[in-house]
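Trainee: Got a file for you: my_file.cif, mmCIF, C-alpha atoms.
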```cif
data_entry
loop_
_atom_site.group_PDB
_atom_site.id
_atom_site.type_symbol
_atom_site.label_atom_id
_atom_site.label_comp_id
_atom_site.auth_asym_id
_atom_site.auth_seq_id
_atom_site.Cartn_x
_atom_site.Cartn_y
_atom_site.Cartn_z
ATOM 1 C CA MET A 558 -49.009 -18.262 -115.032
ATOM 2 C CA ALA A 559 -49.625 -16.257 -111.821
ATOM 3 C CA ARG A 560 -51.552 -13.035 -112.152
ATOM 4 C CA SER A 561 -49.482 -9.989 -111.119
ATOM 5 C CA ALA A 562 -50.790 -7.686 -108.397
ATOM 6 C CA SER A 563 -52.357 -4.369 -109.405
ATOM 7 C CA PRO A 564 -50.551 -1.096 -108.606
ATOM 8 C CA ALA A 565 -51.749 0.900 -105.624
ATOM 9 C CA VAL A 566 -54.529 3.418 -106.290
ATOM 10 C CA GLN A 567 -54.087 5.226 -103.009
ATOM 11 C CA ARG A 568 -51.514 5.883 -100.277
ATOM 12 C CA ALA A 569 -52.198 6.244 -96.555
ATOM 13 C CA VAL A 570 -49.850 7.651 -93.905
ATOM 14 C CA LEU A 571 -50.908 6.642 -90.391
ATOM 15 C CA LEU A 572 -49.313 8.206 -87.304
ATOM 16 C CA GLY A 573 -50.158 7.277 -83.728
ATOM 17 C CA ALA A 574 -49.436 5.143 -80.705
ATOM 18 C CA SER A 575 -51.361 2.345 -78.987
ATOM 19 C CA ASN A 576 -54.845 3.147 -80.312
ATOM 20 C CA LEU A 577 -53.533 3.065 -83.866
ATOM 21 C CA LYS A 578 -51.481 -0.069 -83.178
ATOM 22 C CA MET A 579 -54.537 -1.925 -81.853
ATOM 23 C CA GLY A 580 -56.765 -0.662 -84.644
ATOM 24 C CA LEU A 581 -54.267 -1.050 -87.486
ATOM 25 C CA PRO A 582 -55.616 -4.396 -88.794
ATOM 26 C CA TRP A 583 -59.116 -2.972 -88.949
ATOM 27 C CA LEU A 584 -58.055 0.381 -90.407
ATOM 28 C CA VAL A 585 -55.928 -1.163 -93.171
ATOM 29 C CA GLY A 586 -58.799 -3.502 -94.000
ATOM 30 C CA GLY A 587 -61.220 -0.590 -94.148
ATOM 31 C CA LEU A 588 -58.876 1.397 -96.386
ATOM 32 C CA ARG A 589 -58.566 -1.513 -98.785
ATOM 33 C CA GLN A 590 -62.321 -1.925 -98.850
ATOM 34 C CA ALA A 591 -63.048 1.779 -99.402
ATOM 35 C CA ALA A 592 -60.330 2.516 -101.968
ATOM 36 C CA GLY A 593 -61.643 0.232 -104.694
ATOM 37 C CA GLY A 594 -58.119 -1.098 -105.313
ATOM 38 C CA PRO A 595 -54.780 -1.797 -103.627
ATOM 39 C CA VAL A 596 -53.499 0.692 -101.048
ATOM 40 C CA GLU A 597 -49.960 1.590 -100.015
ATOM 41 C CA VAL A 598 -49.864 2.147 -96.253
ATOM 42 C CA LEU A 599 -46.999 3.685 -94.284
ATOM 43 C CA ALA A 600 -47.565 3.559 -90.525
ATOM 44 C CA ALA A 601 -45.614 4.805 -87.516
ATOM 45 C CA CYS A 602 -47.319 3.494 -84.400
ATOM 46 C CA GLY A 603 -46.830 1.367 -81.315
ATOM 47 C CA HIS A 604 -47.717 1.202 -77.636
ATOM 48 C CA GLY A 605 -46.261 4.163 -75.772
ATOM 49 C CA ARG A 606 -45.069 5.790 -79.003
ATOM 50 C CA SER A 607 -43.702 9.325 -78.811
ATOM 51 C CA TYR A 608 -43.767 12.110 -81.397
ATOM 52 C CA VAL A 609 -40.710 13.758 -79.852
ATOM 53 C CA GLY A 610 -38.100 11.053 -79.174
ATOM 54 C CA TRP A 611 -37.354 7.397 -78.610
ATOM 55 C CA SER A 612 -39.879 5.557 -76.421
ATOM 56 C CA ARG A 613 -39.471 2.314 -74.514
ATOM 57 C CA LEU A 614 -41.950 -0.412 -73.592
ATOM 58 C CA LEU A 615 -41.870 -3.622 -71.561
ATOM 59 C CA PHE A 616 -39.153 -2.358 -69.199
ATOM 60 C CA GLY A 617 -37.023 -1.221 -72.113
ATOM 61 C CA THR A 618 -37.358 -4.476 -74.072
ATOM 62 C CA ARG A 619 -38.675 -2.666 -77.169
ATOM 63 C CA SER A 620 -37.744 0.880 -78.228
ATOM 64 C CA LEU A 621 -38.998 2.858 -81.234
ATOM 65 C CA PRO A 622 -37.843 6.236 -82.621
ATOM 66 C CA GLY A 623 -39.916 9.382 -82.338
ATOM 67 C CA ILE A 624 -42.608 9.633 -84.992
ATOM 68 C CA ALA A 625 -41.455 13.067 -86.184
ATOM 69 C CA ASP A 626 -37.926 11.781 -86.893
ATOM 70 C CA CYS A 627 -38.484 8.167 -87.958
ATOM 71 C CA GLY A 628 -37.639 6.732 -91.374
ATOM 72 C CA LEU A 629 -41.214 7.079 -92.647
ATOM 73 C CA TRP A 630 -40.544 10.612 -93.839
ATOM 74 C CA ARG A 631 -37.484 9.683 -95.900
ATOM 75 C CA ALA A 632 -39.394 6.774 -97.429
ATOM 76 C CA LEU A 633 -42.397 8.979 -98.200
ATOM 77 C CA ALA A 634 -40.286 11.654 -99.885
ATOM 78 C CA ALA A 635 -38.737 9.035 -102.173
ATOM 79 C CA LEU A 636 -42.058 7.630 -103.400
ATOM 80 C CA PRO A 637 -43.765 8.731 -106.639
ATOM 81 C CA PRO A 638 -46.880 10.918 -106.322
ATOM 82 C CA LEU A 639 -50.090 9.127 -105.398
ATOM 83 C CA PRO A 640 -53.411 10.340 -103.918
ATOM 84 C CA THR A 641 -52.664 10.327 -100.200
ATOM 85 C CA LEU A 642 -54.753 10.107 -97.058
ATOM 86 C CA ALA A 643 -53.267 10.617 -93.600
ATOM 87 C CA LEU A 644 -54.195 10.148 -89.960
ATOM 88 C CA LEU A 645 -52.550 11.879 -87.000
ATOM 89 C CA ALA A 646 -53.591 10.498 -83.612
ATOM 90 C CA ASP A 647 -52.425 9.656 -80.066
ATOM 91 C CA VAL A 648 -50.590 12.910 -79.383
ATOM 92 C CA GLY A 649 -50.787 12.765 -75.576
ATOM 93 C CA ASN A 650 -48.139 10.195 -74.623
ATOM 94 C CA ASP A 651 -45.344 12.757 -74.534
ATOM 95 C CA LEU A 652 -47.075 14.604 -71.694
ATOM 96 C CA LEU A 653 -46.544 11.530 -69.542
ATOM 97 C CA TYR A 654 -42.890 11.487 -70.624
ATOM 98 C CA GLY A 655 -42.496 15.011 -69.231
ATOM 99 C CA GLU A 656 -42.399 16.916 -72.529
ATOM 100 C CA PRO A 657 -43.984 20.397 -72.439
ATOM 101 C CA PRO A 658 -47.038 21.037 -74.649
ATOM 102 C CA GLU A 659 -45.176 23.515 -76.866
ATOM 103 C CA ALA A 660 -42.432 20.979 -77.679
ATOM 104 C CA ILE A 661 -44.984 18.280 -78.533
ATOM 105 C CA ALA A 662 -47.012 20.680 -80.661
ATOM 106 C CA ALA A 663 -43.880 21.716 -82.549
ATOM 107 C CA ARG A 664 -43.227 18.112 -83.618
ATOM 108 C CA VAL A 665 -46.893 17.552 -84.465
ATOM 109 C CA GLY A 666 -46.677 20.703 -86.589
ATOM 110 C CA ASP A 667 -43.617 19.289 -88.365
ATOM 111 C CA CYS A 668 -45.603 16.168 -89.260
ATOM 112 C CA LEU A 669 -48.579 18.170 -90.522
ATOM 113 C CA ALA A 670 -46.314 20.392 -92.643
ATOM 114 C CA ARG A 671 -44.691 17.350 -94.264
ATOM 115 C CA LEU A 672 -48.099 15.848 -94.975
ATOM 116 C CA ALA A 673 -49.258 19.145 -96.479
ATOM 117 C CA ALA A 674 -46.222 19.075 -98.778
ATOM 118 C CA GLN A 675 -47.499 15.704 -100.017
ATOM 119 C CA ARG A 676 -50.960 17.225 -100.563
ATOM 120 C CA ALA A 677 -52.363 14.613 -98.234
ATOM 121 C CA ALA A 678 -55.953 14.735 -97.013
ATOM 122 C CA VAL A 679 -55.369 14.657 -93.261
ATOM 123 C CA VAL A 680 -57.685 13.550 -90.483
ATOM 124 C CA CYS A 681 -56.590 14.506 -86.968
ATOM 125 C CA LEU A 682 -57.833 12.806 -83.803
ATOM 126 C CA PRO A 683 -57.287 15.289 -80.928
ATOM 127 C CA LEU A 684 -56.902 14.391 -77.266
ATOM 128 C CA PRO A 685 -59.977 12.714 -75.709
ATOM 129 C CA MET A 686 -60.680 15.737 -73.518
ATOM 130 C CA ILE A 687 -64.344 14.787 -73.287
ATOM 131 C CA ARG A 688 -63.190 11.809 -71.198
ATOM 132 C CA LEU A 689 -60.157 13.372 -69.517
ATOM 133 C CA GLU A 690 -62.194 16.299 -68.149
ATOM 134 C CA LYS A 691 -64.324 13.790 -66.234
ATOM 135 C CA LEU A 692 -61.387 11.780 -64.893
ATOM 136 C CA SER A 693 -60.914 11.998 -61.123
ATOM 137 C CA PRO A 694 -57.500 12.136 -59.444
ATOM 138 C CA LEU A 695 -58.136 8.613 -58.172
ATOM 139 C CA GLY A 696 -59.017 7.406 -61.670
ATOM 140 C CA TYR A 697 -55.878 9.060 -63.022
ATOM 141 C CA HIS A 698 -53.732 7.379 -60.386
ATOM 142 C CA ALA A 699 -55.259 3.969 -61.178
ATOM 143 C CA ALA A 700 -54.823 4.372 -64.947
ATOM 144 C CA ARG A 701 -51.281 5.723 -64.607
ATOM 145 C CA SER A 702 -50.280 2.863 -62.306
ATOM 146 C CA ILE A 703 -51.272 0.380 -65.005
ATOM 147 C CA LEU A 704 -50.211 2.221 -68.165
ATOM 148 C CA TYR A 705 -47.216 4.307 -67.053
ATOM 149 C CA PRO A 706 -46.172 3.102 -63.571
ATOM 150 C CA SER A 707 -42.901 5.044 -63.509
ATOM 151 C CA ARG A 708 -44.371 8.375 -64.620
ATOM 152 C CA GLY A 709 -46.506 10.886 -62.842
ATOM 153 C CA GLU A 710 -47.421 14.477 -62.090
ATOM 154 C CA PRO A 711 -50.386 15.649 -60.011
ATOM 155 C CA TRP A 712 -53.544 15.217 -62.062
ATOM 156 C CA ALA A 713 -54.441 18.920 -61.918
ATOM 157 C CA VAL A 714 -51.068 19.813 -63.456
ATOM 158 C CA LEU A 715 -51.263 17.175 -66.175
ATOM 159 C CA LEU A 716 -54.871 18.049 -67.040
ATOM 160 C CA GLU A 717 -53.935 21.686 -67.613
ATOM 161 C CA LYS A 718 -51.069 20.586 -69.855
ATOM 162 C CA ALA A 719 -53.483 18.334 -71.771
ATOM 163 C CA ARG A 720 -55.844 21.271 -72.293
ATOM 164 C CA ASP A 721 -52.942 23.391 -73.554
ATOM 165 C CA LEU A 722 -51.739 20.680 -75.944
ATOM 166 C CA ASP A 723 -55.259 20.060 -77.233
ATOM 167 C CA ARG A 724 -55.696 23.754 -78.052
ATOM 168 C CA ARG A 725 -52.363 23.814 -79.850
ATOM 169 C CA VAL A 726 -53.135 20.664 -81.865
ATOM 170 C CA ARG A 727 -56.515 22.049 -82.904
ATOM 171 C CA ARG A 728 -54.919 25.293 -84.092
ATOM 172 C CA LEU A 729 -52.310 23.368 -86.070
ATOM 173 C CA ALA A 730 -54.983 21.189 -87.650
ATOM 174 C CA ALA A 731 -56.882 24.293 -88.764
ATOM 175 C CA GLU A 732 -53.718 25.935 -90.127
ATOM 176 C CA HIS A 733 -52.885 22.869 -92.226
ATOM 177 C CA GLY A 734 -56.422 22.102 -93.379
ATOM 178 C CA ALA A 735 -56.747 18.839 -91.440
ATOM 179 C CA ARG A 736 -60.197 17.526 -90.591
ATOM 180 C CA LEU A 737 -60.903 16.886 -86.904
ATOM 181 C CA VAL A 738 -62.697 13.738 -85.783
ATOM 182 C CA GLU A 739 -63.959 14.401 -82.277
ATOM 183 C CA PRO A 740 -63.441 11.526 -79.820
ATOM 184 C CA GLN A 741 -66.696 10.371 -78.274
ATOM 185 C CA ALA A 742 -67.097 9.756 -74.538
ATOM 186 C CA SER A 743 -68.704 6.384 -75.282
ATOM 187 C CA TRP A 744 -65.465 5.160 -76.872
ATOM 188 C CA TYR A 745 -63.726 5.069 -73.475
ATOM 189 C CA GLY A 746 -64.255 3.182 -70.244
ATOM 190 C CA ILE A 747 -62.169 3.042 -67.080
ATOM 191 C CA ASP A 748 -59.111 3.426 -69.284
ATOM 192 C CA PRO A 749 -59.387 7.102 -70.324
ATOM 193 C CA ILE A 750 -57.129 7.047 -73.397
ATOM 194 C CA HIS A 751 -57.680 3.715 -75.187
ATOM 195 C CA VAL A 752 -60.770 3.095 -77.295
ATOM 196 C CA ARG A 753 -62.712 0.141 -75.911
ATOM 197 C CA ARG A 754 -62.554 -3.008 -78.018
ATOM 198 C CA ARG A 755 -66.267 -3.068 -78.789
ATOM 199 C CA TRP A 756 -66.155 0.545 -80.018
ATOM 200 C CA ARG A 757 -63.065 0.288 -82.203
ATOM 201 C CA ARG A 758 -64.891 -0.488 -85.415
ATOM 202 C CA ARG A 759 -67.221 2.479 -84.964
ATOM 203 C CA ALA A 760 -64.276 4.756 -84.177
ATOM 204 C CA TRP A 761 -62.313 3.706 -87.277
ATOM 205 C CA ASP A 762 -65.447 3.889 -89.411
ATOM 206 C CA SER A 763 -65.794 7.528 -88.304
ATOM 207 C CA ILE A 764 -62.246 8.247 -89.425
ATOM 208 C CA ILE A 765 -62.649 6.517 -92.788
ATOM 209 C CA ALA A 766 -65.876 8.444 -93.410
ATOM 210 C CA HIS A 767 -64.043 11.771 -92.928
ATOM 211 C CA TRP A 768 -61.500 11.057 -95.654
ATOM 212 C CA PRO A 769 -62.453 12.364 -99.114
ATOM 213 C CA PRO A 770 -63.439 9.858 -101.817
ATOM 214 C CA THR A 771 -61.068 8.615 -104.482
ATOM 215 C CA PRO A 772 -61.670 8.702 -108.267
ATOM 216 C CA GLU A 773 -62.211 4.930 -108.046
ATOM 217 C CA THR A 774 -64.840 5.339 -105.296
ATOM 218 C CA PRO A 775 -66.650 8.669 -105.927
ATOM 219 C CA GLN A 776 -69.081 8.004 -103.073
ATOM 220 C CA ARG A 777 -67.038 6.840 -100.100
ATOM 221 C CA THR A 778 -69.190 4.742 -97.775
ATOM 222 C CA VAL A 779 -68.484 2.406 -94.892
ATOM 223 C CA SER A 780 -69.593 -1.115 -95.687
ATOM 224 C CA PRO A 781 -71.704 -2.979 -93.094
ATOM 225 C CA ILE A 782 -69.612 -6.047 -93.907
ATOM 226 C CA PRO A 783 -66.402 -6.175 -91.833
ATOM 227 C CA PRO A 784 -63.324 -5.764 -94.050
ATOM 228 C CA PRO A 785 -60.748 -8.533 -94.311
ATOM 229 C CA ARG A 786 -58.352 -8.494 -91.352
ATOM 230 C CA ILE A 787 -54.592 -8.654 -91.632
ATOM 231 C CA ARG A 788 -51.900 -9.883 -89.265
ATOM 232 C CA VAL A 789 -49.430 -7.098 -88.460
ATOM 233 C CA PRO A 790 -45.878 -8.248 -87.595
ATOM 234 C CA ALA A 791 -45.260 -7.565 -83.883
ATOM 235 C CA PHE A 792 -41.677 -6.328 -84.301
ATOM 236 C CA GLY A 793 -41.699 -5.423 -87.986
ATOM 237 C CA ALA A 794 -40.714 -1.740 -87.806
ATOM 238 C CA ALA A 795 -37.935 -0.550 -90.082
ATOM 239 C CA GLU A 796 -35.882 0.577 -87.079
ATOM 240 C CA LEU A 797 -36.200 -0.514 -83.458
ATOM 241 C CA ARG A 798 -34.226 -1.787 -80.510
ATOM 242 C CA LEU A 799 -34.927 -5.098 -78.805
ATOM 243 C CA CYS A 800 -33.268 -5.441 -75.395
ATOM 244 C CA GLY A 801 -31.026 -2.551 -76.427
ATOM 245 C CA ILE A 802 -29.852 -4.234 -79.622
ATOM 246 C CA PRO A 803 -30.544 -2.270 -82.846
ATOM 247 C CA ARG A 804 -32.641 -4.122 -85.394
ATOM 248 C CA ARG A 805 -33.629 -3.178 -88.918
ATOM 249 C CA ASN A 806 -36.336 -4.769 -91.014
ATOM 250 C CA PRO A 807 -36.887 -4.408 -94.773
ATOM 251 C CA GLN A 808 -40.044 -2.642 -95.840
ATOM 252 C CA PRO A 809 -42.830 -3.082 -96.631
ATOM 253 C CA ALA A 810 -43.369 -5.432 -93.699
ATOM 254 C CA LEU A 811 -46.456 -6.930 -95.331
ATOM 255 C CA ARG A 812 -47.485 -7.533 -98.954
ATOM 256 C CA LEU A 813 -50.994 -8.723 -99.743
ATOM 257 C CA ALA A 814 -52.016 -10.760 -102.752
ATOM 258 C CA GLU A 815 -54.067 -8.026 -104.451
ATOM 259 C CA GLY A 816 -51.181 -5.547 -104.300
ATOM 260 C CA SER A 817 -51.707 -3.676 -101.000
ATOM 261 C CA THR A 818 -48.622 -3.105 -98.845
ATOM 262 C CA LEU A 819 -47.960 -2.088 -95.247
ATOM 263 C CA ALA A 820 -44.663 -0.461 -94.249
ATOM 264 C CA LEU A 821 -43.930 0.037 -90.540
ATOM 265 C CA TYR A 822 -41.644 2.699 -89.067
#
```
Could you quickly redo this structure as structure tokens?

Mentor:
Amino acid sequence: MARSASPAVQRAVLLGASNLKMGLPWLVGGLRQAAGGPVEVLAACGHGRSYVGWSRLLFGTRSLPGIADCGLWRALAALPPLPTLALLADVGNDLLYGEPPEAIAARVGDCLARLAAQRAAVVCLPLPMIRLEKLSPLGYHAARSILYPSRGEPWAVLLEKARDLDRRVRRLAAEHGARLVEPQASWYGIDPIHVRRRWRRRAWDSIIAHWPPTPETPQRTVSPIPPPRIRVPAFGAAELRLCGIPRRNPQPALRLAEGSTLALY
């Protein structure tokens, strides 16, 4: 007779864009390793993801709803109470979509308020200003041409907006009791917004270390042994559009043998 999976001991709500998408296999593995039991993960992420509204990628081939209005929040509200960790990251994409800092901050504030209502322990990753302040106009033009070829404002204008948004996000984090994990300059290379592959584990370890321990793991530590990796479905979000055609996927998108789950929104 097959042994049934154990119930989750912890929930994690992960919000972000491309950095979170690329690091999701590692982060979920690290959560499972640190929790001392199965984890229930709800994630809203994806390359080019917006907090404010729908975002498109690959010339409109794939579209995802804004993080602040996606189905994650309805799903979260319907779940029974569980000790909850949360991550809020990648808040700068909307600047490149032309959204003003105050509008972006308002939606980030909505997310933080909802997480506070869940009594979640929140870690916030602010904009990588330590790297952006050193970016030259030429470097900005090169990065924008690769990452967002159809978008663009003069670098001096966008940098000032980034400073404004970063100040607003930091104030919101303080108001809602979120812990800040400061991006390190060494995490970034020529690309000023994406953590370099060889630094991803250290970056996610830093985030995991800032979350409080669980009753099952009173002394939260980061193991020197890499956690087991998972394969995240490429187009597994609950709601998306592929080539303009709406698509819905049942959640969770991934169930692991020991009881951990991953739901994508």

Trainee: Selection in question (the file shown): the PyMOL selection byres ((chain A and resi 659-669) around 10). Which residues does it include, as an MDAnalysis selection string?

Mentor: chainID A and resid 572 607:610 623:626 630 643:646 648:652 656:658 670:675 677 679 681 718 721:730 732:735

Trainee: What do you get, as a PyMOL selection string, if you spell out every residue that the PyMOL selection byres ((chain A and resi 764) around 12) selects here?

Mentor: chain A and resi 571+577+580+583-585+587-588+591+642-646+678-682+736-740+757-763+765-769+777-779

Trainee: Would you kindly return, as an mmCIF file with C-alpha atoms, in the coordinates of the input, each protein, DNA or RNA residue with an atom no farther than 9 Å from any atom of segment 799-801 of chain A, considering all atoms listed in the file and excluding same-chain residues fewer than 5 positions away?

Mentor:
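So the final result, stored in selection38.cif, reads:
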```
data_model
loop_
_atom_site.group_PDB
_atom_site.id
_atom_site.type_symbol
_atom_site.label_atom_id
_atom_site.label_comp_id
_atom_site.auth_asym_id
_atom_site.auth_seq_id
_atom_site.Cartn_x
_atom_site.Cartn_y
_atom_site.Cartn_z
ATOM 1 C CA GLY A 617 -37.023 -1.221 -72.113
ATOM 2 C CA THR A 618 -37.358 -4.476 -74.072
ATOM 3 C CA ARG A 619 -38.675 -2.666 -77.169
ATOM 4 C CA SER A 620 -37.744 0.880 -78.228
ATOM 5 C CA PHE A 792 -41.677 -6.328 -84.301
#
```

Trainee: Hey, which bits of segment 574-624 of chain A sit within 12 Å of segment 745-753 of chain A, and for each residue what's the closest pair of atoms and how far apart in Å (one decimal), counting only C-alpha atoms, rows by chain and increasing number, as a Markdown table?

Mentor:
```
| residue | atom | partner | partner_atom | distance |
| --- | --- | --- | --- | --- |
| A:Ala574 | CA | A:His751 | CA | 10.0 |
| A:Ser575 | CA | A:His751 | CA | 7.5 |
| A:Asn576 | CA | A:His751 | CA | 5.9 |
| A:Leu577 | CA | A:His751 | CA | 9.6 |
| A:Lys578 | CA | A:His751 | CA | 10.8 |
| A:Met579 | CA | A:Val752 | CA | 9.2 |
| A:Gly580 | CA | A:Val752 | CA | 9.2 |
| A:His604 | CA | A:His751 | CA | 10.6 |
| A:Gly605 | CA | A:His751 | CA | 11.4 |
```

Trainee: Using the chain letters and numbering of this document, enumerate as a PyMOL selection string the residues selected by the PyMOL selection byres ((chain A and resi 810-818) around 12).

Mentor: chain A and resi 559-570+582+585-586+588-590+592-600+785-796+805-809+819-822

Trainee: Go ahead and compute the interatomic distance for atom CA of Trp712 of chain A and atom CA of Arg606 of chain A, in Å to one decimal.

Mentor: 21.2 Å

Trainee: Distance atom CA of Ala601 of chain A-atom CA of Cys627 of chain A, one decimal place?

Mentor: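 Straight-line distance from atom CA of Ala601 of chain A to atom CA of Cys627 of chain A works out to 7.9 Å.
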
Trainee: Build an axis-aligned box that encloses every atom of segment 741-750 of chain A listed in the file, pad it by 5 Å on each side, and report its centre and edge lengths in Å to one decimal, as lines of an AutoDock Vina configuration file.

Mentor:
```
center_x = -62.9
center_y = 6.7
center_z = -72.7
size_x = 21.6
size_y = 17.3
size_z = 21.2
```

Trainee: Quick one: of A:Ile687, A:Leu797, A:Gly628, A:Gln741, who's nearest to Gly603 of chain A, counting only C-alpha atoms?

Mentor: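 Residue with the minimum atom-to-atom distance to Gly603 of chain A: A:Leu797.
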